[in-house]
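Working notes, structure below.
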Amino acid sequence: MVLTVLSSYDDRKMFLLVVGVITIAVAFAFSSFSSTGAASFPPRVPSVLPWFGTALRFIANPDEFLARCQKQYGNVFRMLLAGKQVVVVCSASAISSVYAADENTLGAHEIHNTVHYAVSGSKGKSTDVYSVVTRFILPTVDQRLSRRAMGDLTAPIALALYAKVKTYSRMKNARVSLMKFLTEPLYYATNLIMFGSRYPQNIYEDFRTLDETMTERFYGLPFWYWPSEKARKTLLAHIGDYLSTEDISEEDGWLGSAFKKSFRDNNTALREASDHLLTFQWGMHTNTFGVTLWFFLCLLGHPDAFLAVRNEIDKAIKENFGDLESFMANVNLQILDKPYFTLLTSALLETMRLNGAFIPLRSAEIDFQLKDQGRIVTVRKGEYIMGNIQAAHMNESSYPNHHKFVFDRFAHGEHREGRLPTEGRPWFTFAAGRHLCKGRHLAMCELKLVAILYLHLFDFTPVTNGSSPLWPPRTINRNLGIPRVKDIFVDVHPRRDA
């Protein structure tokens, strides 16, 4: 009898608890839904979970979730994202306003701190991390990776890259991972010129292991961490040794020597300096690697584009330089910008338009207002604003057949040296305004050199598994910037006439 009573009592407690939870959830959901009425602007995306809000749906597939919300709520909407009240804007003009705002209006310190922690594992104060980034790192990069500076660095990077790739050209046939085949020589060449011969040269695999888990680290998702953690420790140990040398010399490279001097002049602790340099290295390489892979996937999936871009490259080398060695020895940014590489430039920009799903997030340091199609959008102090770049890049009025890879989409405008042929269209892969990517000249240099070298030297045969065609590639929904794909293998053959 006593057991029966206790059992009934426990059942009643559980029943009341369940009813209470359901009641709270329903009330929260009702309040969320009710806030999306006609009088509410921006409309709010409803969510049942307190604090989490839409976070689970967003993390599962950011691009798809934001596209769904835009279709249902329009170009401006509000959502709760892991405790943050976020206003999302989708139009090109609104996104441009976000990029035009200064740091005292829309701050980026929190996103920098999140990336810093995800890469290095060190969780400092966001203001301290951002202070090092804005006072030491960004000014150094702005100076050392300017268009003028890159004019002298392009040929050394090209020759270092060519020296690595030539080993493949001596083989009759090889089956390789496309990502590794394209990016390992690039990783070596760029690091050699930027950070010198003292910088560790055998850490590509560790870098890739860490990079493969960055999405999970950034969003705080569960994953098998040990290989990535081991790779991070290895990278930090090598970087620590690199920064610990007593002297600073040419052996530290164009960028590394400047970083070393800056860290020492400001008495930055070794571990802190190592964390910052690893984070910078990740930012310098990860998106370039992703775009490089997707560029070749787009070309391999569109044979007409592959042939047109390759023919342009072959013709430019033969008519203007005679052979590849002469081109590599004399190349600079001005040459890479010439009209005889118009299709190459267009195909790269189109690759980035289709696949560069970057999502700028800024915190409002003061009340902030912007205009969107005649309406005023208000972001209160303490709230956040997110630019849905993919929405602008997939706007049919700006980009007809926006879902297709049109390799010559940017090839028909007026050629202007030093300017990307994107004027008049929303194109935010390198950000915009005050936040224009400081490494954009290096990135375009690397992307064009890899494309020219590999397309001129090699034939590619995709390795497919019957029911799994190469195009479109199978992507992993969660990503940071560039969609991730399963490892893709190709058979490469040196070209007879190269």
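Identifiers for the structure tokens are assigned positionally: chains receive A, B, ... in sequence, residues are indexed from 1 per chain, and ligands are indexed from 1 in the order shown.
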**Residues near Val132 (chain A), cut-off 12 Å, only C-alpha atoms, skip fewer than 4 positions along chain, as a ChimeraX atom specification** = /A:109,112-113,116,124-128,136-140,259,262-263,266-269,272-273,275-277,280
Contact check, region 132-226 of chain A to region 287-306 of chain A, at most 12 Å, counting only C-alpha atoms, closest pairs as JSON lines:
{"residue": "A:Ser177", "atom": "CA", "partner": "A:Leu293", "partner_atom": "CA", "distance": 10.5}
{"residue": "A:Leu178", "atom": "CA", "partner": "A:Leu293", "partner_atom": "CA", "distance": 7.2}
{"residue": "A:Met179", "atom": "CA", "partner": "A:Leu293", "partner_atom": "CA", "distance": 5.9}
{"residue": "A:Lys180", "atom": "CA", "partner": "A:Leu293", "partner_atom": "CA", "distance": 9.3}
{"residue": "A:Phe181", "atom": "CA", "partner": "A:Leu293", "partner_atom": "CA", "distance": 9.7}
{"residue": "A:Leu182", "atom": "CA", "partner": "A:Leu293", "partner_atom": "CA", "distance": 7.3}
{"residue": "A:Thr183", "atom": "CA", "partner": "A:Phe289", "partner_atom": "CA", "distance": 6.1}
{"residue": "A:Glu184", "atom": "CA", "partner": "A:Phe289", "partner_atom": "CA", "distance": 9.3}
{"residue": "A:Pro185", "atom": "CA", "partner": "A:Phe289", "partner_atom": "CA", "distance": 11.1}
{"residue": "A:Leu186", "atom": "CA", "partner": "A:Phe289", "partner_atom": "CA", "distance": 8.7}
{"residue": "A:Tyr187", "atom": "CA", "partner": "A:Phe289", "partner_atom": "CA", "distance": 8.8}
{"residue": "A:Thr190", "atom": "CA", "partner": "A:Thr288", "partner_atom": "CA", "distance": 11.3}
{"residue": "A:Tyr204", "atom": "CA", "partner": "A:Phe289", "partner_atom": "CA", "distance": 11.9}
{"residue": "A:Phe207", "atom": "CA", "partner": "A:Phe289", "partner_atom": "CA", "distance": 11.6}
{"residue": "A:Arg208", "atom": "CA", "partner": "A:Phe289", "partner_atom": "CA", "distance": 9.9}
{"residue": "A:Asp211", "atom": "CA", "partner": "A:Asn287", "partner_atom": "CA", "distance": 10.3}
{"residue": "A:Glu212", "atom": "CA", "partner": "A:Gly290", "partner_atom": "CA", "distance": 11.1}
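From CA of Gly220 (chain A) back to CA of Phe430 (chain A), the distance works out to 26.0 Å.
Here CA of Ala158 (chain A) is placed at a distance of 6.5 Å from CA of Leu449 (chain A).
Residues in contact with Glu250 (chain A) at up to 10 Å, not including ones fewer than 2 positions away on its chain and judged by only C-alpha atoms, are A:Ile193, A:Phe195, A:Gly196, A:Ser197, A:Arg198, A:Ile248, A:Asp252, A:Gly253, A:Trp254, A:Gly256, A:Ser257.
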**Prompt:** Near Ala163 (chain A), counting only C-alpha atoms, which residues have an atom at most 12 Å away, once you skip same-chain residues fewer than 4 positions from it, shown as a PyMOL selection string?
**Reply:** chain A and resi 156-159+167-170+185-186+188-189+325+328-329+453
**Request:** Please return as a VMD selection string: the residues of region 370-497 of chain A that backbone DSSP assigns to strand (DSSP E or B).
**Result:** chain A and resid 370 to 372 375 to 379 384 to 387 458 to 462 465 468 475 to 485 489 to 494
**Message:** Could you list, as a VMD selection string, every residue within 7 Å of region 354-371 of chain A, counting only C-alpha atoms and ignoring same-chain residues fewer than 5 positions away?
**Reply:** chain A and resid 94 97 104 to 108 376 to 390 429 481 to 483
**Request:** Within 10 Å of region 404-419 of chain A, counting only C-alpha atoms, which residues show up once you throw out same-chain ones fewer than 2 positions away? Write them as a PyMOL selection string, please.
**Result:** chain A and resi 147+298-299+301-302+304-306+308-309+333-339+341-351+353-354+394+399-402+421-423+425+441
**Request:** Considering only C-alpha atoms, state which residue in the set A:Trp282, A:Ile239, A:Gly322, A:Val331 is at the smallest distance from Ala155 (chain A).
**Result:** A:Val331
**Prompt:** What's the 8 Å shell around Asp206 (chain A), counting only C-alpha atoms, without same-chain residues fewer than 5 positions away, as number ranges by chain?
**Reply:** A: 228, 231-232, 234-235
Take the residues from that selection and write them out as a short mmCIF file (atom, residue, chain, number, x, y, z; two decimals), in the first residue's frame, keeping N, CA, C and O atoms.
data_model
loop_
_atom_site.label_atom_id
_atom_site.label_comp_id
_atom_site.auth_asym_id
_atom_site.auth_seq_id
_atom_site.Cartn_x
_atom_site.Cartn_y
_atom_site.Cartn_z
N SER A 228 42.90 16.27 -33.33
CA SER A 228 42.97 17.71 -33.53
C SER A 228 43.74 18.39 -32.40
O SER A 228 44.53 19.32 -32.63
N ALA A 231 47.38 17.75 -32.88
CA ALA A 231 47.89 18.58 -33.97
C ALA A 231 48.09 20.02 -33.51
O ALA A 231 49.11 20.66 -33.85
N ARG A 232 47.15 20.54 -32.74
CA ARG A 232 47.27 21.91 -32.24
C ARG A 232 48.51 22.06 -31.35
O ARG A 232 49.27 23.04 -31.48
N THR A 234 51.22 20.31 -31.43
CA THR A 234 52.40 20.23 -32.28
C THR A 234 52.66 21.56 -32.98
O THR A 234 53.79 22.06 -33.03
N LEU A 235 51.60 22.14 -33.53
CA LEU A 235 51.73 23.42 -34.22
C LEU A 235 52.22 24.51 -33.28
O LEU A 235 53.13 25.28 -33.62
#
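As for CA of Lys71 (chain A) and CA of Val86 (chain A), they are spaced 17.5 Å apart.
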**Message:** Among region 6-229 of chain A, which residues does DSSP mark as helix (DSSP H, G or I) when it is run on the backbone? Keep the chain and numbering as in the structure and answer as a PyMOL selection string.
**Reply:** chain A and resi 6-34+55-60+62-73+92-100+109-120+126-144+147-169+178-195+204-212+214-219+226-229
